[in-house]
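Peer 1: So here's coords_39.cif (mmCIF, C-alpha atoms).
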data_entry
#
loop_
_atom_site.label_atom_id
_atom_site.label_comp_id
_atom_site.auth_asym_id
_atom_site.auth_seq_id
_atom_site.Cartn_x
_atom_site.Cartn_y
_atom_site.Cartn_z
CA MET A 918 -75.04 -79.02 77.85
CA PRO A 919 -71.39 -78.17 77.79
CA PRO A 920 -69.27 -79.72 80.41
CA GLU A 921 -68.69 -77.71 83.38
CA GLY A 922 -65.34 -76.46 84.17
CA PRO A 923 -62.95 -73.83 82.85
CA THR A 924 -62.87 -73.16 79.12
CA VAL A 925 -59.48 -73.42 77.52
CA ILE A 926 -58.69 -71.01 74.64
CA ARG A 927 -55.67 -71.82 72.58
CA ARG A 928 -53.34 -69.09 71.38
CA ASP A 929 -53.29 -70.41 67.83
CA GLY A 930 -57.06 -70.26 67.66
CA ARG A 931 -57.61 -74.02 67.40
CA PRO A 932 -60.43 -75.51 69.43
CA PRO A 933 -59.51 -76.96 72.75
CA GLN A 934 -59.02 -80.68 72.98
CA GLN A 935 -61.54 -82.57 74.96
CA ASN A 936 -60.19 -83.87 78.16
CA PRO A 937 -62.96 -85.97 79.63
CA THR A 938 -61.02 -86.91 82.55
CA ASN A 939 -60.20 -83.33 83.34
CA GLN A 940 -56.58 -84.20 83.51
CA ALA A 941 -53.94 -81.63 83.73
CA TRP A 942 -52.14 -80.63 80.54
CA SER A 943 -48.96 -82.18 81.68
CA GLN A 944 -50.85 -85.45 82.40
CA VAL A 945 -52.35 -85.79 78.96
CA PRO A 946 -50.55 -88.51 77.04
CA PRO A 947 -48.74 -87.31 73.89
CA GLN A 948 -50.43 -87.89 70.59
CA ALA A 949 -48.87 -88.93 67.38
CA PRO A 950 -47.98 -85.99 65.21
CA GLN A 951 -50.27 -85.37 62.31
CA GLN A 952 -48.88 -85.99 58.88
CA PRO A 953 -48.97 -82.82 56.82
CA ARG A 954 -51.01 -82.84 53.71
CA ARG A 955 -49.21 -83.42 50.47
CA GLU A 956 -50.25 -80.14 49.02
CA ASP A 957 -48.54 -78.27 51.91
CA TRP A 958 -45.09 -79.77 51.19
CA ALA A 959 -42.32 -77.59 49.65
CA PRO A 960 -41.22 -78.63 46.14
CA THR A 961 -38.25 -80.83 45.88
CA GLN A 962 -35.08 -78.74 45.07
CA ARG A 963 -32.04 -80.01 43.18
CA PRO A 964 -28.71 -79.10 44.70
CA GLN A 965 -26.65 -76.77 42.49
CA PRO A 966 -22.85 -76.59 42.58
CA PHE A 967 -21.51 -73.39 44.15
CA GLN A 968 -19.82 -70.90 41.84
CA ASP A 969 -17.97 -67.99 43.28
CA ASP A 970 -18.19 -64.60 41.44
CA PRO A 971 -14.67 -63.74 40.23
CA ARG A 972 -15.41 -60.05 40.72
CA ARG A 973 -15.53 -60.63 44.41
CA ARG A 974 -11.96 -61.97 44.37
CA ASP A 975 -10.60 -58.91 42.36
CA PRO A 976 -9.46 -56.38 44.97
CA GLN A 977 -9.60 -53.53 42.43
CA ARG A 978 -13.19 -54.30 41.50
CA GLN A 979 -14.04 -54.86 45.15
CA ALA A 980 -12.65 -51.41 45.90
CA LYS A 981 -14.58 -50.02 42.94
CA TYR A 982 -17.90 -51.50 44.02
CA ALA A 983 -17.30 -51.17 47.72
CA PRO A 984 -19.59 -48.64 49.36
CA ALA A 985 -17.95 -45.34 50.13
CA PRO A 986 -17.19 -44.83 53.79
CA PRO A 987 -19.48 -42.38 55.46
CA ARG A 988 -18.21 -38.83 55.68
CA ARG A 989 -17.45 -37.86 59.20
CA THR A 990 -17.64 -34.32 60.22
CA PRO A 991 -15.11 -33.50 62.87
CA PRO A 992 -16.75 -32.55 66.09
CA ASN A 993 -17.22 -28.86 66.70
CA ALA A 994 -16.04 -28.04 63.13
CA PRO A 995 -17.00 -24.50 62.16
CA PRO A 996 -19.55 -24.33 59.34
CA ARG A 997 -18.17 -23.71 55.85
CA PRO A 998 -18.78 -20.15 54.70
CA PRO A 999 -20.87 -19.96 51.57
CA GLU A 1000 -18.97 -19.25 48.35
CA PRO A 1001 -19.52 -15.76 46.93
CA PRO A 1002 -21.40 -15.70 43.63
CA LYS A 1003 -19.16 -15.63 40.57
CA GLN A 1004 -18.97 -12.20 39.06
CA ARG A 1005 -19.22 -11.86 35.32
CA ARG A 1006 -16.07 -10.44 33.78
CA PRO A 1007 -16.75 -7.23 31.93
CA ARG A 1008 -16.21 -7.57 28.17
CA LYS A 1009 -13.26 -5.60 26.88
CA ARG A 1010 -14.30 -2.88 24.54
CA ARG A 1011 -12.70 -2.97 21.14
CA SER A 1012 -10.10 -0.26 21.11
CA TRP A 1013 -10.70 1.05 17.58
CA GLY A 1014 -8.55 4.05 18.30
CA LYS A 1015 -5.55 1.82 19.05
CA ARG A 1016 -6.10 -0.22 15.89
CA ILE A 1017 -6.39 2.88 13.74
CA GLY A 1018 -3.23 4.27 15.33
CA ILE A 1019 -1.28 1.08 14.59
CA THR A 1020 -2.56 1.06 11.00
CA LEU A 1021 -1.54 4.67 10.48
CA LEU A 1022 1.89 3.96 11.96
CA VAL A 1023 2.42 1.04 9.58
CA LEU A 1024 1.34 3.16 6.62
CA LEU A 1025 3.66 5.98 7.63
CA LEU A 1026 6.59 3.59 7.97
CA ALA A 1027 5.81 2.07 4.57
CA LEU A 1028 5.54 5.53 3.02
CA ALA A 1029 8.83 6.62 4.58
CA GLY A 1030 10.51 3.48 3.25
CA ALA A 1031 9.12 4.07 -0.25
CA VAL A 1032 10.25 7.72 -0.23
CA TYR A 1033 13.74 6.70 0.88
CA TYR A 1034 13.95 4.02 -1.82
CA VAL A 1035 12.79 6.35 -4.60
CA ASP A 1036 15.02 9.21 -3.44
CA SER A 1037 18.05 6.94 -3.38
CA SER A 1038 17.22 5.85 -6.95
CA LEU A 1039 17.76 9.35 -8.35
CA ASN A 1040 20.86 9.86 -10.48
CA ARG A 1041 22.65 12.87 -9.07
CA ILE A 1042 25.26 15.04 -10.77
CA ASP A 1043 26.99 18.30 -9.87
CA ALA A 1044 24.82 20.49 -12.10
CA LEU A 1045 24.81 23.73 -10.07
CA PRO A 1046 28.42 24.56 -9.23
CA ASP A 1047 29.46 27.95 -7.93
CA TYR A 1048 31.56 30.10 -10.24
CA ALA A 1049 33.04 33.58 -10.07
CA GLY A 1050 30.44 36.29 -10.63
CA ARG A 1051 27.46 33.94 -10.34
CA VAL A 1052 24.04 35.56 -10.40
CA ALA A 1053 22.75 36.35 -6.92
CA ASP A 1054 19.76 34.52 -5.52
CA THR A 1055 16.43 35.68 -6.95
CA PRO A 1056 12.99 35.29 -5.29
CA GLY A 1057 10.80 32.37 -6.17
CA THR A 1058 12.06 28.97 -7.31
CA ASN A 1059 13.65 28.38 -10.72
CA TRP A 1060 13.99 24.99 -12.40
CA LEU A 1061 15.95 24.16 -15.52
CA ILE A 1062 14.45 21.13 -17.25
CA VAL A 1063 16.49 19.59 -20.03
CA GLY A 1064 15.48 16.94 -22.53
CA SER A 1065 18.67 15.48 -23.96
CA ASP A 1066 19.16 13.32 -27.03
CA SER A 1067 21.07 10.79 -24.93
CA ARG A 1068 20.69 7.22 -26.14
CA GLU A 1069 22.51 5.78 -23.15
CA GLY A 1070 21.23 2.33 -22.19
CA LEU A 1071 19.26 1.78 -25.40
CA THR A 1072 19.73 -1.36 -27.46
CA PRO A 1073 19.83 -1.10 -31.28
CA GLU A 1074 16.30 -2.50 -31.34
CA GLN A 1075 15.09 0.17 -28.90
CA GLU A 1076 16.81 2.91 -30.89
CA GLN A 1077 15.00 1.71 -33.98
CA ALA A 1078 11.65 1.54 -32.16
CA LEU A 1079 12.09 5.08 -30.81
CA ALA A 1080 13.49 6.40 -34.12
CA THR A 1081 16.44 8.05 -32.38
CA GLY A 1082 18.63 7.99 -35.51
CA GLY A 1083 21.56 6.23 -33.86
CA ASP A 1084 24.59 7.78 -32.21
CA THR A 1085 25.09 11.43 -33.20
CA GLY A 1086 28.17 12.19 -31.11
CA PRO A 1087 28.19 14.31 -27.91
CA LYS A 1088 24.89 14.79 -26.10
CA ARG A 1089 22.84 17.78 -27.14
CA THR A 1090 19.64 19.26 -25.80
CA ASP A 1091 16.44 18.75 -27.72
CA THR A 1092 14.50 20.67 -25.05
CA VAL A 1093 15.43 23.53 -22.69
CA ILE A 1094 12.61 24.72 -20.41
CA LEU A 1095 12.84 27.27 -17.62
CA VAL A 1096 10.14 26.96 -14.93
CA HIS A 1097 9.58 29.82 -12.47
CA VAL A 1098 7.48 28.96 -9.40
CA PRO A 1099 6.59 32.23 -7.62
CA LYS A 1100 5.84 32.63 -3.95
CA SER A 1101 2.28 33.44 -4.98
CA GLY A 1102 0.47 33.41 -8.29
CA LYS A 1103 0.70 31.23 -11.38
CA THR A 1104 3.73 29.24 -12.39
CA THR A 1105 5.46 30.28 -15.63
CA MET A 1106 6.91 27.78 -18.11
CA VAL A 1107 9.33 29.34 -20.61
CA SER A 1108 10.63 27.50 -23.66
CA ILE A 1109 14.17 28.47 -24.64
CA PRO A 1110 14.78 27.57 -28.30
CA ARG A 1111 17.75 25.24 -28.61
CA ASP A 1112 19.09 27.34 -31.56
CA SER A 1113 19.10 30.52 -29.44
CA TYR A 1114 22.31 32.46 -30.20
CA VAL A 1115 23.79 33.38 -26.80
CA PRO A 1116 27.24 33.87 -25.21
CA ILE A 1117 28.70 30.61 -23.85
CA PRO A 1118 31.37 31.17 -21.13
CA GLY A 1119 34.77 30.20 -22.51
CA TYR A 1120 33.46 29.43 -26.04
CA GLY A 1121 32.16 32.72 -27.41
CA SER A 1122 28.63 32.99 -28.84
CA ASP A 1123 26.92 29.88 -30.20
CA LYS A 1124 23.66 27.97 -30.11
CA ILE A 1125 22.57 27.35 -26.53
CA ASN A 1126 22.49 23.59 -26.98
CA ALA A 1127 26.19 23.70 -27.84
CA ALA A 1128 26.87 24.66 -24.21
CA PHE A 1129 25.50 21.28 -23.18
CA ALA A 1130 27.72 19.54 -25.73
CA PHE A 1131 30.79 21.50 -24.61
CA GLY A 1132 30.46 21.27 -20.84
CA GLY A 1133 27.38 19.28 -19.91
CA ALA A 1134 24.86 20.42 -17.33
CA PRO A 1135 27.15 22.80 -15.35
CA LEU A 1136 28.05 24.87 -18.43
CA LEU A 1137 24.44 24.90 -19.66
CA VAL A 1138 23.22 26.16 -16.28
CA GLN A 1139 25.85 28.92 -16.23
CA THR A 1140 24.94 29.94 -19.79
CA VAL A 1141 21.22 30.18 -18.95
CA GLU A 1142 21.87 32.11 -15.73
CA GLU A 1143 24.04 34.72 -17.48
CA ALA A 1144 21.64 35.04 -20.42
CA THR A 1145 18.50 35.44 -18.31
CA GLY A 1146 19.70 37.00 -15.04
CA LEU A 1147 17.87 34.27 -13.08
CA ARG A 1148 19.58 32.00 -10.57
CA ILE A 1149 18.76 28.33 -11.15
CA ASP A 1150 17.77 26.49 -7.96
CA HIS A 1151 17.05 23.00 -9.29
CA TYR A 1152 18.04 20.93 -12.30
CA ALA A 1153 16.39 17.92 -13.97
CA GLU A 1154 17.47 16.09 -17.13
CA ILE A 1155 15.80 13.21 -18.96
CA GLY A 1156 16.81 11.20 -22.04
CA PHE A 1157 14.87 9.50 -24.82
CA SER A 1158 14.24 6.21 -23.04
CA GLY A 1159 13.24 7.82 -19.76
CA PHE A 1160 10.75 10.13 -21.42
CA ALA A 1161 9.03 7.25 -23.26
CA GLY A 1162 8.95 5.18 -20.08
CA ILE A 1163 7.25 7.95 -18.08
CA VAL A 1164 4.58 8.37 -20.75
CA ASP A 1165 3.88 4.64 -20.77
CA ALA A 1166 3.75 4.58 -16.95
CA VAL A 1167 0.78 6.97 -16.91
CA GLY A 1168 -0.99 5.01 -19.64
CA GLY A 1169 -0.43 7.50 -22.45
CA VAL A 1170 -1.21 11.20 -22.84
CA ASN A 1171 -4.07 12.73 -24.81
CA VAL A 1172 -3.16 15.57 -27.23
CA CYS A 1173 -5.15 17.37 -29.91
CA LEU A 1174 -3.52 18.20 -33.26
CA ALA A 1175 -4.83 20.91 -35.55
CA GLN A 1176 -2.93 19.42 -38.52
CA PRO A 1177 -1.62 15.91 -39.24
CA ILE A 1178 2.10 15.31 -38.75
CA ASP A 1179 4.07 12.90 -40.94
CA ASP A 1180 7.73 12.77 -39.97
CA PRO A 1181 9.71 9.60 -40.87
CA LEU A 1182 12.80 10.99 -39.10
CA ALA A 1183 10.84 11.16 -35.83
CA GLY A 1184 9.06 7.88 -36.56
CA ILE A 1185 5.50 9.28 -36.43
CA ASN A 1186 2.51 9.60 -38.74
CA LEU A 1187 -0.21 11.22 -36.64
CA PRO A 1188 -3.66 12.24 -37.94
CA ALA A 1189 -5.35 15.50 -37.00
CA GLY A 1190 -7.63 15.49 -33.97
CA CYS A 1191 -7.43 14.32 -30.35
CA GLN A 1192 -5.65 11.06 -29.63
CA ASP A 1193 -3.71 9.19 -26.95
CA LEU A 1194 0.04 9.05 -27.55
CA LYS A 1195 2.11 6.24 -26.05
CA GLY A 1196 5.87 6.23 -25.47
CA SER A 1197 7.39 6.13 -28.99
CA ASP A 1198 4.74 8.37 -30.61
CA ALA A 1199 4.96 10.86 -27.73
CA LEU A 1200 8.74 11.07 -28.12
CA GLY A 1201 8.39 11.67 -31.85
CA PHE A 1202 5.74 14.34 -31.24
CA VAL A 1203 7.96 16.45 -28.95
CA ARG A 1204 10.98 16.05 -31.28
CA THR A 1205 9.49 16.69 -34.70
CA ARG A 1206 10.14 19.83 -36.70
CA ALA A 1207 8.19 18.70 -39.77
CA THR A 1208 5.72 21.58 -39.40
CA ALA A 1209 5.28 25.07 -40.83
CA LEU A 1210 7.17 26.88 -38.03
CA ALA A 1211 9.68 24.07 -37.41
CA ASP A 1212 11.46 24.68 -34.09
CA LEU A 1213 8.84 27.15 -32.83
CA ASP A 1214 6.09 24.61 -33.40
CA ARG A 1215 8.18 22.02 -31.63
CA MET A 1216 8.43 24.23 -28.54
CA ASN A 1217 4.66 24.70 -28.59
CA ASN A 1218 4.20 20.94 -28.86
CA GLN A 1219 6.61 20.37 -25.99
CA ARG A 1220 4.80 22.80 -23.68
CA GLN A 1221 1.43 21.36 -24.68
CA PHE A 1222 2.58 17.82 -24.06
CA MET A 1223 4.36 18.66 -20.80
CA SER A 1224 1.20 20.29 -19.46
CA ALA A 1225 -0.94 17.29 -20.45
CA LEU A 1226 1.58 14.83 -19.00
CA LEU A 1227 1.77 16.57 -15.62
CA SER A 1228 -2.01 16.94 -15.53
CA LYS A 1229 -2.36 13.19 -16.08
CA ALA A 1230 0.38 12.36 -13.56
CA THR A 1231 -1.28 14.41 -10.78
CA SER A 1232 -4.86 13.37 -11.56
CA PRO A 1233 -6.81 11.16 -9.09
CA SER A 1234 -6.83 8.32 -11.65
CA THR A 1235 -3.03 8.15 -11.30
CA PHE A 1236 -2.41 9.52 -7.83
CA LEU A 1237 -4.93 7.17 -6.15
CA ASN A 1238 -4.01 4.11 -8.20
CA PRO A 1239 -0.95 2.41 -6.66
CA PHE A 1240 -0.54 0.14 -9.71
CA ARG A 1241 -0.04 3.25 -11.85
CA LEU A 1242 1.52 5.63 -9.32
CA TRP A 1243 4.36 3.32 -8.23
CA PRO A 1244 5.65 2.59 -11.78
CA LEU A 1245 5.43 6.30 -12.58
CA VAL A 1246 7.39 7.38 -9.50
CA SER A 1247 10.00 4.62 -9.70
CA ASP A 1248 10.52 4.97 -13.48
CA THR A 1249 10.77 8.75 -13.20
CA ALA A 1250 13.36 8.51 -10.43
CA LYS A 1251 15.50 6.07 -12.41
CA SER A 1252 15.19 8.08 -15.64
CA LEU A 1253 16.10 11.51 -14.27
CA GLN A 1254 19.42 13.15 -13.56
CA VAL A 1255 19.18 15.85 -10.92
CA ASP A 1256 21.54 18.08 -9.00
CA GLU A 1257 23.24 16.72 -5.91
CA GLY A 1258 21.04 18.85 -3.67
CA ASP A 1259 17.74 17.77 -5.23
CA HIS A 1260 15.37 15.20 -3.75
CA ILE A 1261 12.18 13.41 -4.69
CA TRP A 1262 10.06 15.85 -2.69
CA ASN A 1263 11.48 18.72 -4.77
CA LEU A 1264 10.26 16.93 -7.90
CA ALA A 1265 6.86 16.35 -6.29
CA SER A 1266 6.65 20.06 -5.52
CA LEU A 1267 7.47 20.88 -9.15
CA ALA A 1268 4.81 18.48 -10.46
CA TRP A 1269 2.24 20.03 -8.13
CA ALA A 1270 3.13 23.53 -9.29
CA LEU A 1271 2.74 22.51 -12.96
CA ARG A 1272 -0.51 20.57 -12.55
CA GLY A 1273 -2.57 23.30 -14.24
CA GLY A 1274 -3.36 26.99 -14.51
CA MET A 1275 0.18 28.03 -15.47
CA THR A 1276 1.47 30.55 -18.01
CA THR A 1277 3.29 29.00 -20.98
CA THR A 1278 5.35 31.18 -23.27
CA THR A 1279 8.51 31.47 -25.35
CA VAL A 1280 11.41 33.91 -25.12
CA PRO A 1281 10.62 36.98 -27.26
CA VAL A 1282 12.22 36.32 -30.67
CA ALA A 1283 13.60 38.89 -33.15
CA GLY A 1284 14.21 36.48 -36.05
CA PHE A 1285 16.76 34.13 -37.63
CA GLU A 1286 20.21 34.69 -39.02
CA ASP A 1287 22.98 32.65 -40.62
CA VAL A 1288 26.22 32.78 -38.64
CA ASP A 1289 29.54 31.34 -39.73
CA GLY A 1290 30.44 28.27 -37.74
CA SER A 1291 26.97 27.98 -36.16
CA GLY A 1292 24.63 27.84 -39.14
CA ASN A 1293 21.12 29.22 -38.92
CA VAL A 1294 20.52 30.63 -35.43
CA LEU A 1295 17.62 32.21 -33.58
CA LEU A 1296 18.04 35.73 -32.23
CA TRP A 1297 16.28 37.05 -29.13
CA ASP A 1298 14.52 40.41 -29.07
CA LYS A 1299 16.97 41.91 -26.58
CA ALA A 1300 14.77 44.77 -25.34
CA ARG A 1301 11.66 42.67 -24.86
CA ALA A 1302 13.63 39.68 -23.54
CA SER A 1303 15.24 41.94 -20.92
CA GLN A 1304 11.80 43.08 -19.66
CA PHE A 1305 10.58 39.51 -19.85
CA PHE A 1306 13.27 38.08 -17.56
CA ASP A 1307 13.33 41.14 -15.27
CA ALA A 1308 9.70 40.43 -14.38
CA LEU A 1309 10.57 36.85 -13.40
CA ALA A 1310 13.65 38.03 -11.46
CA ASP A 1311 11.35 40.28 -9.42
CA ASP A 1312 8.94 37.36 -8.86
CA GLN A 1313 6.25 39.10 -10.89
CA GLN A 1314 3.90 37.88 -13.58
CA ILE A 1315 5.12 38.52 -17.12
CA PRO A 1316 3.29 41.41 -18.81
CA GLN A 1317 0.69 40.16 -21.24
CA ASP A 1318 2.24 41.98 -24.23
CA LEU A 1319 5.51 40.04 -23.70
CA ILE A 1320 3.89 36.61 -23.73
CA THR A 1321 4.36 34.75 -27.01
CA THR A 1322 3.19 31.29 -27.96
CA GLY A 1323 4.88 30.90 -31.29
#
Can you turn what I pasted into structure tokens?
Peer 2:
Amino acid sequence: MPPEGPTVIRRDGRPPQQNPTNQAWSQVPPQAPQQPRREDWAPTQRPQPFQDDPRRRDPQRQAKYAPAPPRRTPPNAPPRPPEPPKQRRPRKRRSWGKRIGITLLVLLLALAGAVYYVDSSLNRIDALPDYAGRVADTPGTNWLIVGSDSREGLTPEQEQALATGGDTGPKRTDTVILVHVPKSGKTTMVSIPRDSYVPIPGYGSDKINAAFAFGGAPLLVQTVEEATGLRIDHYAEIGFSGFAGIVDAVGGVNVCLAQPIDDPLAGINLPAGCQDLKGSDALGFVRTRATALADLDRMNNQRQFMSALLSKATSPSTFLNPFRLWPLVSDTAKSLQVDEGDHIWNLASLAWALRGGMTTTTVPVAGFEDVDGSGNVLLWDKARASQFFDALADDQQIPQDLITTG
């Protein structure tokens, strides 16, 4: 039986010690402490020398690794308003109209500069002076186009290549063409034979090309005005070199020959048929008289070639090709001599009027005659020539029965 008395329960759960004498806890003699078991001991540790981390002594690194101080919100601070959402900027539309306008402005400025440069390159002379009794102004626009035998600026090698025959004294006219541009209707191109026997003011009657040799362009213009009754409004003159250069600038001109032409004096030997003529051959073609009708055939050849040249110069293949148009315009401007009042836009207007669909003819001719001091000359049919030029003076088309081509 268990001993009587109160049961002691220890807080650590161990069984109560037997106290047979029922002594009080404070009266129980102390017991020797129990030795702990070996397996409960902690392992023996070796002392290690202390090493301080150098990062802890670096104030910069300490500040870097130091924890950030807590953010303190001031008491009673008003709440921060929320930020408005970012609005997307509208994309700028490409202003094509502005770009096109700037491009057009640049092109217009470039065109104006080119026109000014070309116009300033023209060689101007006083070809249309006033004189007593000058023919009054006539309707329409009249041009006098002169092809001179001037060799100015040519080297001996160029003269040989163009078969010009060397220096022949004062300049003479190989070609005299009157162009009438009416207010409406077709343009008329009239060849005036260079051997035409007409009165020359101050020199009596002589071949019309002698007027050019005596007094240059002013005397030739006065002679033509008094012989035809037409007032000349514009003047253009071109020499051998300039003519060949213009032909080369357009890449040659195509002509069709009914008969072959062999003319050593003009430096050509051309077969019959259609062919492209370059500078030197083209010059020989418009100068040759080695044909059945001599000077009359030459005038026909000149009108035929002039028409083909202007048609080529105003064609889209030339007009829309800057590599061909610019040499043509610049070479033409440098090769021409015009009146002081003429400009590049006047020449452009002439080229446009001659681009096609025009009437080509020769002054009505009565025949040939030998005259002392002048040699063999060409005589106009005075009655028919008067009607011929009266029609042009009235800005009318020439009657069909007055048109001659040979």
Peer 1: Please determine, counting only C-alpha atoms, which residue among A:Ser1101, A:Asn1059, A:Thr1145, A:Ser1113 has the shortest atom-to-atom distance to Glu1286 of chain A.
Peer 2: A:Ser1113
Peer 1: Could you give me, as JSON lines, every segment 1104-1181 of chain A residue with an atom at most 10 Å from segment 1193-1196 of chain A, plus its closest atom pair and distance in Å to one decimal, counting all atoms listed in the file, rows ordered by chain then number?
Peer 2:
{"residue": "A:Phe1157", "atom": "CA", "partner": "A:Gly1196", "partner_atom": "CA", "distance": 9.6}
{"residue": "A:Ser1158", "atom": "CA", "partner": "A:Gly1196", "partner_atom": "CA", "distance": 8.7}
{"residue": "A:Gly1159", "atom": "CA", "partner": "A:Gly1196", "partner_atom": "CA", "distance": 9.5}
{"residue": "A:Phe1160", "atom": "CA", "partner": "A:Gly1196", "partner_atom": "CA", "distance": 7.4}
{"residue": "A:Ala1161", "atom": "CA", "partner": "A:Gly1196", "partner_atom": "CA", "distance": 4.0}
{"residue": "A:Gly1162", "atom": "CA", "partner": "A:Gly1196", "partner_atom": "CA", "distance": 6.3}
{"residue": "A:Ile1163", "atom": "CA", "partner": "A:Gly1196", "partner_atom": "CA", "distance": 7.7}
{"residue": "A:Val1164", "atom": "CA", "partner": "A:Gly1196", "partner_atom": "CA", "distance": 5.3}
{"residue": "A:Asp1165", "atom": "CA", "partner": "A:Gly1196", "partner_atom": "CA", "distance": 5.3}
{"residue": "A:Ala1166", "atom": "CA", "partner": "A:Gly1196", "partner_atom": "CA", "distance": 8.9}
{"residue": "A:Val1167", "atom": "CA", "partner": "A:Lys1195", "partner_atom": "CA", "distance": 9.3}
{"residue": "A:Gly1168", "atom": "CA", "partner": "A:Lys1195", "partner_atom": "CA", "distance": 7.2}
{"residue": "A:Gly1169", "atom": "CA", "partner": "A:Lys1195", "partner_atom": "CA", "distance": 4.6}
{"residue": "A:Val1170", "atom": "CA", "partner": "A:Asp1193", "partner_atom": "CA", "distance": 5.2}
{"residue": "A:Asn1171", "atom": "CA", "partner": "A:Asp1193", "partner_atom": "CA", "distance": 4.2}
{"residue": "A:Val1172", "atom": "CA", "partner": "A:Asp1193", "partner_atom": "CA", "distance": 6.4}
{"residue": "A:Cys1173", "atom": "CA", "partner": "A:Asp1193", "partner_atom": "CA", "distance": 8.8}
Peer 1: Atom CA of Gly1274 of chain A and atom CA of Met1106 of chain A are how many Å apart?
Peer 2: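 A separation of 10.9 Å between them.
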Peer 1: Would you write out, as a list in words, every residue that the PyMOL selection byres ((chain A and resi 1245) around 8) captures in this file?
Peer 2: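 Answer for the PyMOL selection byres ((chain A and resi 1245) around 8): Ile1163, Ala1166, Val1167, Ala1230, Arg1241, Leu1242, Trp1243, Pro1244, Val1246, Ser1247, Asp1248 and Thr1249 of chain A.
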Peer 1: For the interface of segment 1271-1306 of chain A with segment 1313-1316 of chain A (cut-off 10 Å, counting all atoms listed in the file), please tabulate each contacting residue of segment 1271-1306 of chain A alongside its nearest pair of atoms and their separation in Å to one decimal, rows sorted by chain and increasing number, as a Markdown table.
Peer 2:
| residue | atom | partner | partner_atom | distance |
| --- | --- | --- | --- | --- |
| A:Thr1276 | CA | A:Ile1315 | CA | 8.8 |
| A:Thr1278 | CA | A:Ile1315 | CA | 9.6 |
| A:Gln1304 | CA | A:Ile1315 | CA | 8.5 |
| A:Phe1305 | CA | A:Ile1315 | CA | 6.2 |
| A:Phe1306 | CA | A:Ile1315 | CA | 8.2 |
Peer 1: Decode the PyMOL selection byres ((chain A and resi 1031-1036) around 9) for the given file into explicit residues and return them as a PDB file with C-alpha atoms, in the frame of the given file.
Peer 2:
ATOM      1  CA  LEU A1026       6.590   3.590   7.970  1.00  0.00           C
ATOM      2  CA  ALA A1027       5.810   2.070   4.570  1.00  0.00           C
ATOM      3  CA  LEU A1028       5.540   5.530   3.020  1.00  0.00           C
ATOM      4  CA  ALA A1029       8.830   6.620   4.580  1.00  0.00           C
ATOM      5  CA  GLY A1030      10.510   3.480   3.250  1.00  0.00           C
ATOM      6  CA  SER A1037      18.050   6.940  -3.380  1.00  0.00           C
ATOM      7  CA  SER A1038      17.220   5.850  -6.950  1.00  0.00           C
ATOM      8  CA  LEU A1039      17.760   9.350  -8.350  1.00  0.00           C
ATOM      9  CA  VAL A1246       7.390   7.380  -9.500  1.00  0.00           C
ATOM     10  CA  SER A1247      10.000   4.620  -9.700  1.00  0.00           C
ATOM     11  CA  ALA A1250      13.360   8.510 -10.430  1.00  0.00           C
ATOM     12  CA  LYS A1251      15.500   6.070 -12.410  1.00  0.00           C
ATOM     13  CA  HIS A1260      15.370  15.200  -3.750  1.00  0.00           C
ATOM     14  CA  ILE A1261      12.180  13.410  -4.690  1.00  0.00           C
ATOM     15  CA  TRP A1262      10.060  15.850  -2.690  1.00  0.00           C
TER      16      TRP A1262
END
Peer 1: For a quick check of understanding, using all atoms listed in the file, which of A:Leu1213, A:Ile1109, A:Leu1045, A:Leu1187 has the smallest distance to Gly1201 of chain A?
Peer 2: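 Nearest to Gly1201 of chain A: A:Leu1187.
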Peer 1: In Å, rounded to a single decimal, give me how far atom CA of Ala1211 of chain A is from atom CA of Val1096 of chain A.
Peer 2: 22.7 Å
Peer 1: For each of A:Ile1019, A:Ala1049, A:Val1115, A:Ala1130, take the minimum atom-to-atom distance to Leu1295 of chain A, counting all atoms listed in the file, then give the residue where this is smallest.
Peer 2: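 Ranked by minimum distance to Leu1295 of chain A, first place goes to A:Val1115.
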Peer 1: Applying 7 Å and all atoms listed in the file, which residues near Asp1123 of chain A remain after dropping the ones on its own chain fewer than 5 positions away? List them as a ChimeraX atom specification.
Peer 2: /A:1114-1117,1291
Peer 1: List as a ChimeraX atom specification the protein and nucleic acid residues near Gly1064 of chain A, meaning an atom at most 6 Å away when only C-alpha atoms are counted, but skip any in the same chain fewer than 6 places from it.
Peer 2: /A:1090-1092,1154-1156
Peer 1: For the selection you just gave me, I'd like the residues written to a file as a CSV table (one decimal), in the frame of the given file, keeping C-alpha atoms.
Peer 2:
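Okay, selection-v3.csv is ready:
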chain,number,residue,atom,x,y,z
A,1090,THR,CA,19.6,19.3,-25.8
A,1091,ASP,CA,16.4,18.8,-27.7
A,1092,THR,CA,14.5,20.7,-25.0
A,1154,GLU,CA,17.5,16.1,-17.1
A,1155,ILE,CA,15.8,13.2,-19.0
A,1156,GLY,CA,16.8,11.2,-22.0
Peer 1: Would you please work out which residue, of A:Pro1001, A:Gly1119, A:Gly1018, A:Pro1233, is nearest to Leu1136 of chain A when using all atoms listed in the file?
Peer 2: A:Gly1119
Peer 1: When the PyMOL selection byres ((chain A and resi 1214) around 12) is applied to the structure above, which residues does it catch, written out as a ChimeraX atom specification?
Peer 2: /A:1108,1110,1174-1176,1178,1202-1213,1215-1221,1279,1322-1323
Peer 1: Quick check, in Å to one decimal: how far apart do atom CA of Leu1309 of chain A and atom CA of Lys1100 of chain A lie?
Peer 2: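 We find that atom CA of Leu1309 of chain A and atom CA of Lys1100 of chain A lie 11.4 Å from each other.
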Peer 1: Tell me which protein, DNA and RNA residues are within 7 Å of Pro1099 of chain A, counting only C-alpha atoms, leaving out same-chain ones fewer than 5 positions away, and put them as a PyMOL selection string.
Peer 2: chain A and resi 1057-1058+1104+1312
